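> The structure follows.
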Amino acid sequence: MSSNTSQKVAVLGTGKIGEALLSGMIRGGWAPADLLVTTRRQERADELRTRYGVTPVSNADAAKQADTLILACKPQDMARLLDELAPHVTPDRLVISAAAGITTSFIEERLAEKTPVVRVMPNTPVLVDEGMSVISAGSHATADALAHAEAIFGAVGKTLRVPETQQDACTALSGSGPAYFYFLVEAMTDAGILLGLPRDKAHDLIVQAAVGASVMLRDSGEHPVKLRENVTSPAGTTINAIRELENHGVRAALIAALEAARDRSRELASGNNS
Ligand SMILES: NC(=O)C1=CN([C@@H]2O[C@H](COP(=O)(O)OP(=O)(O)OC[C@H]3O[C@@H](n4cnc5c(N)ncnc54)[C@H](O)[C@@H]3O)[C@@H](O)[C@H]2O)C=CC1
Ligand SMILES: O=C(O)[C@@H]1CCC=N1
């Protein structure tokens, strides 16, 4: 398996994350003619063909034609999808799963012996080339297979290799991570309304504070504590807000929230898909 871009790649189960990845791959230079997609509904297939010029195919045809199969259906649908693919997937294919919780061994057990499998946890900022994709090798994935997965997901953001034992934690942190920030922005915008600002102005102020803080976190090299201290003037406004955040247990709530996300990822792995 090489990491060149002329091989055919299929996205199977092209919903929100599948489409985000597909659009990023096209921005990153993949030719639409080399991209196949599978969907459950014909209208969705037509939409993707019109929007990106990619080719909708059946799951079986994707397995026959593509060198790399990216499985992007929900964990709850994975066993059924693998049953459909199993007769057609040969060990010269690379199978990449983006599903939360689903282990490489779950996939390996259902496909031909020695099929290389890579597990990836991306996040939706792949849509703006600021994704974070956490990558782990299954038992038969070679260095080339990992490099190929990195070439695909690296086109739409950063990648990080971790042992698969850390994937559930990474899913809680970066896979779900963007949702926590959107939630905070939503809550702080409500606070702006309480303080008498129009919603659109409150939204713009908080979003720009988030963008500025994010760029500083990424680029300044400073610890987040130092960055927060720089905002927190003696007897000023910020410390009054921080005291309320601590009084309301926001730090503990975030730790508990991420632990719950990690636990749900583990549950999905153990087949508790309800
Ligand atoms: N949404 C997100 O932020 C992230 C999602 N993921 C993972 O990506 C996967 C998909 O999540 P979303 O895109 O949010 O869900 P989604 O529901 O938008 O997309 C899944 C798609 O798979 C299709 N599908 C299901 N079974 C199929 C089959 N047998 N053949 C063809 N298509 C089939 C569904 O019709 C649907 O369009 C999940 O496993 C999730 O854990 C991973 C990282 C981030
Ligand atoms: O909520 C979920 O299950 C998926 C996986 C990570 C982000 N979204």
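Ligands are numbered from 1 in the order shown, residues from 1 within each chain, and chains are lettered A, B, ... in the order they appear in the structure tokens.
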Under the rule of at most 7 Å, produce a per-residue listing of chain A near ligand 1: chain, number, name, the closest pair of atoms, and the distance in Å, as CSV, using only C-alpha atoms and all ligand atoms.


```
residue,atom,partner,partner_atom_place_in_ligand_line,distance
A:Leu12,CA,ligand 1,31 (C),5.6
A:Gly13,CA,ligand 1,22 (O),3.3
A:Thr14,CA,ligand 1,21 (C),5.0
A:Gly15,CA,ligand 1,19 (O),3.2
A:Lys16,CA,ligand 1,13 (O),3.6
A:Ile17,CA,ligand 1,13 (O),3.8
A:Gly18,CA,ligand 1,13 (O),5.7
A:Thr38,CA,ligand 1,31 (C),5.0
A:Thr39,CA,ligand 1,32 (N),3.8
A:Arg40,CA,ligand 1,32 (N),4.4
A:Arg41,CA,ligand 1,35 (O),6.8
A:Asn59,CA,ligand 1,30 (N),6.2
A:Ala72,CA,ligand 1,9 (C),4.5
A:Cys73,CA,ligand 1,22 (O),3.7
A:Lys74,CA,ligand 1,39 (O),3.5
A:Pro75,CA,ligand 1,39 (O),4.6
A:Asp77,CA,ligand 1,26 (N),5.2
A:Arg80,CA,ligand 1,29 (N),6.3
A:Leu81,CA,ligand 1,29 (N),4.4
A:Ala98,CA,ligand 1,7 (C),5.2
A:Ala99,CA,ligand 1,39 (O),3.1
A:Ala100,CA,ligand 1,41 (O),3.7
A:Met121,CA,ligand 1,43 (C),5.2
A:Pro122,CA,ligand 1,43 (C),4.6
A:Asn123,CA,ligand 1,44 (C),4.2
A:Thr124,CA,ligand 1,3 (O),4.8
A:Gly175,CA,ligand 1,44 (C),4.9
A:Ser176,CA,ligand 1,3 (O),6.2
```

> Show me, as a VMD selection string, the residues that have an atom within 10 Å of A:Asp46 when counting only C-alpha atoms, minus same-chain residues fewer than 6 positions from it.

chain A and resid 39 53 to 56

> Please dump the current selection as a PDB file, in the first residue's frame; keep N, CA and C atoms.


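Listed below is the output, again.pdb:
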```
ATOM      1  N   THR A  39     -23.913   5.193   0.027  1.00  0.00           N
ATOM      2  CA  THR A  39     -24.955   5.815   0.858  1.00  0.00           C
ATOM      3  C   THR A  39     -26.101   4.815   0.966  1.00  0.00           C
ATOM      4  N   GLY A  53     -18.757  15.680  -7.678  1.00  0.00           N
ATOM      5  CA  GLY A  53     -18.303  14.943  -8.862  1.00  0.00           C
ATOM      6  C   GLY A  53     -17.746  13.569  -8.545  1.00  0.00           C
ATOM      7  N   VAL A  54     -18.064  13.043  -7.356  1.00  0.00           N
ATOM      8  CA  VAL A  54     -17.601  11.701  -6.986  1.00  0.00           C
ATOM      9  C   VAL A  54     -18.590  10.655  -7.502  1.00  0.00           C
ATOM     10  N   THR A  55     -18.191   9.381  -7.456  1.00  0.00           N
ATOM     11  CA  THR A  55     -19.035   8.330  -8.025  1.00  0.00           C
ATOM     12  C   THR A  55     -19.706   7.497  -6.927  1.00  0.00           C
ATOM     13  N   PRO A  56     -21.044   7.541  -6.861  1.00  0.00           N
ATOM     14  CA  PRO A  56     -21.731   6.667  -5.917  1.00  0.00           C
ATOM     15  C   PRO A  56     -21.742   5.227  -6.442  1.00  0.00           C
TER      16      PRO A  56
END
```

> Env of A:Ala191: 12 Å cut, atoms = only C-alpha atoms, seq-sep filter 6 positions within chain, self excluded. Answer as a PyMOL selection string.

chain A and resi 184-185+197-199+201-203+205-206+241

> Would you put the residues from that selection into a file with C-alpha atoms, as a PDB file, in the first residue's frame?


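Generated output (again.pdb):
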```pdb
ATOM      1  CA  LEU A 184     -19.770  26.910  25.740  1.00  0.00           C
ATOM      2  CA  VAL A 185     -20.262  29.504  23.001  1.00  0.00           C
ATOM      3  CA  LEU A 197     -26.732  42.567  24.375  1.00  0.00           C
ATOM      4  CA  PRO A 198     -28.462  41.695  21.113  1.00  0.00           C
ATOM      5  CA  ARG A 199     -27.940  37.985  20.230  1.00  0.00           C
ATOM      6  CA  LYS A 201     -23.517  40.976  18.810  1.00  0.00           C
ATOM      7  CA  ALA A 202     -23.141  38.586  21.778  1.00  0.00           C
ATOM      8  CA  HIS A 203     -22.456  35.740  19.344  1.00  0.00           C
ATOM      9  CA  LEU A 205     -18.028  38.819  20.580  1.00  0.00           C
ATOM     10  CA  ILE A 206     -17.842  35.318  22.018  1.00  0.00           C
ATOM     11  CA  ALA A 241     -16.288  35.160  36.906  1.00  0.00           C
TER      12      ALA A 241
END
```

> Could you jot down the atom CA of A:Leu227 to atom CA of A:Asn247 separation for me, Å, one decimal place?

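A separation of 21.2 Å between them.
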
> Per residue of stretch 154-258 of chain A within 10 Å of stretch 126-135 of chain A, record the nearest atom pair and its distance in Å to one decimal, counting only C-alpha atoms, with rows in chain order and ascending residue number, as a Markdown table.


```
| residue | atom | partner | partner_atom | distance |
| --- | --- | --- | --- | --- |
| A:Gly154 | CA | A:Ser133 | CA | 7.8 |
| A:Ala155 | CA | A:Asp129 | CA | 7.2 |
| A:Val156 | CA | A:Asp129 | CA | 4.0 |
| A:Gly157 | CA | A:Gly131 | CA | 4.2 |
| A:Lys158 | CA | A:Met132 | CA | 5.0 |
| A:Thr159 | CA | A:Ser133 | CA | 4.7 |
| A:Leu160 | CA | A:Val134 | CA | 4.8 |
| A:Arg161 | CA | A:Ile135 | CA | 4.7 |
| A:Val162 | CA | A:Ile135 | CA | 6.1 |
| A:Pro163 | CA | A:Ile135 | CA | 8.2 |
| A:Glu164 | CA | A:Ile135 | CA | 8.1 |
| A:Gln166 | CA | A:Val134 | CA | 9.5 |
| A:Gln167 | CA | A:Val134 | CA | 7.5 |
| A:Cys170 | CA | A:Val134 | CA | 7.1 |
| A:Thr171 | CA | A:Val134 | CA | 8.4 |
| A:Ser174 | CA | A:Met132 | CA | 6.7 |
| A:Gly175 | CA | A:Met132 | CA | 7.7 |
| A:Gly177 | CA | A:Met132 | CA | 9.8 |
| A:Pro178 | CA | A:Gly131 | CA | 9.9 |
```

> Please write the residues from the selection above to a file, keeping C-alpha atoms, as a PDB file, in the first residue's frame.


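The new file result16.pdb reads:
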```pdb
ATOM      1  CA  GLY A 154      -3.323  14.895   7.142  1.00  0.00           C
ATOM      2  CA  ALA A 155      -4.798  16.702   4.141  1.00  0.00           C
ATOM      3  CA  VAL A 156      -7.522  18.089   6.395  1.00  0.00           C
ATOM      4  CA  GLY A 157      -5.687  18.876   9.630  1.00  0.00           C
ATOM      5  CA  LYS A 158      -3.305  17.386  12.145  1.00  0.00           C
ATOM      6  CA  THR A 159      -2.775  13.686  12.797  1.00  0.00           C
ATOM      7  CA  LEU A 160      -1.486  11.881  15.863  1.00  0.00           C
ATOM      8  CA  ARG A 161      -0.565   8.208  16.224  1.00  0.00           C
ATOM      9  CA  VAL A 162      -1.591   6.594  19.513  1.00  0.00           C
ATOM     10  CA  PRO A 163      -1.794   3.021  20.804  1.00  0.00           C
ATOM     11  CA  GLU A 164      -5.335   1.751  20.260  1.00  0.00           C
ATOM     12  CA  GLN A 166      -5.922   5.348  24.078  1.00  0.00           C
ATOM     13  CA  GLN A 167      -8.523   5.704  21.321  1.00  0.00           C
ATOM     14  CA  CYS A 170      -8.997  10.513  22.379  1.00  0.00           C
ATOM     15  CA  THR A 171     -12.565  10.136  21.135  1.00  0.00           C
ATOM     16  CA  SER A 174     -10.875  15.502  20.277  1.00  0.00           C
ATOM     17  CA  GLY A 175     -13.553  13.482  18.446  1.00  0.00           C
ATOM     18  CA  GLY A 177     -14.215  18.020  21.567  1.00  0.00           C
ATOM     19  CA  PRO A 178     -15.627  20.578  19.136  1.00  0.00           C
TER      20      PRO A 178
END
```

> Need the shell around stretch 259-264 of chain A: protein/DNA/RNA residues with any atom at most 8 Å away, counting only C-alpha atoms. Skip same-chain ones fewer than 2 positions apart. Format as a list in words?

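Close residues of stretch 259-264 of chain A: Gly101, Asp168, Ala169, Cys170, Thr171, Ala172, Ser176, Ile255, Ala256, Ala257, Arg266, Glu267 and Leu268 of chain A.
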
> Within 12 Å of A:Leu146, counting only C-alpha atoms, which residues qualify if same-chain residues fewer than 4 places away don't, as a ChimeraX atom specification?

/A:1-3,68,94-96,116-120,134-142,150-154,159-162
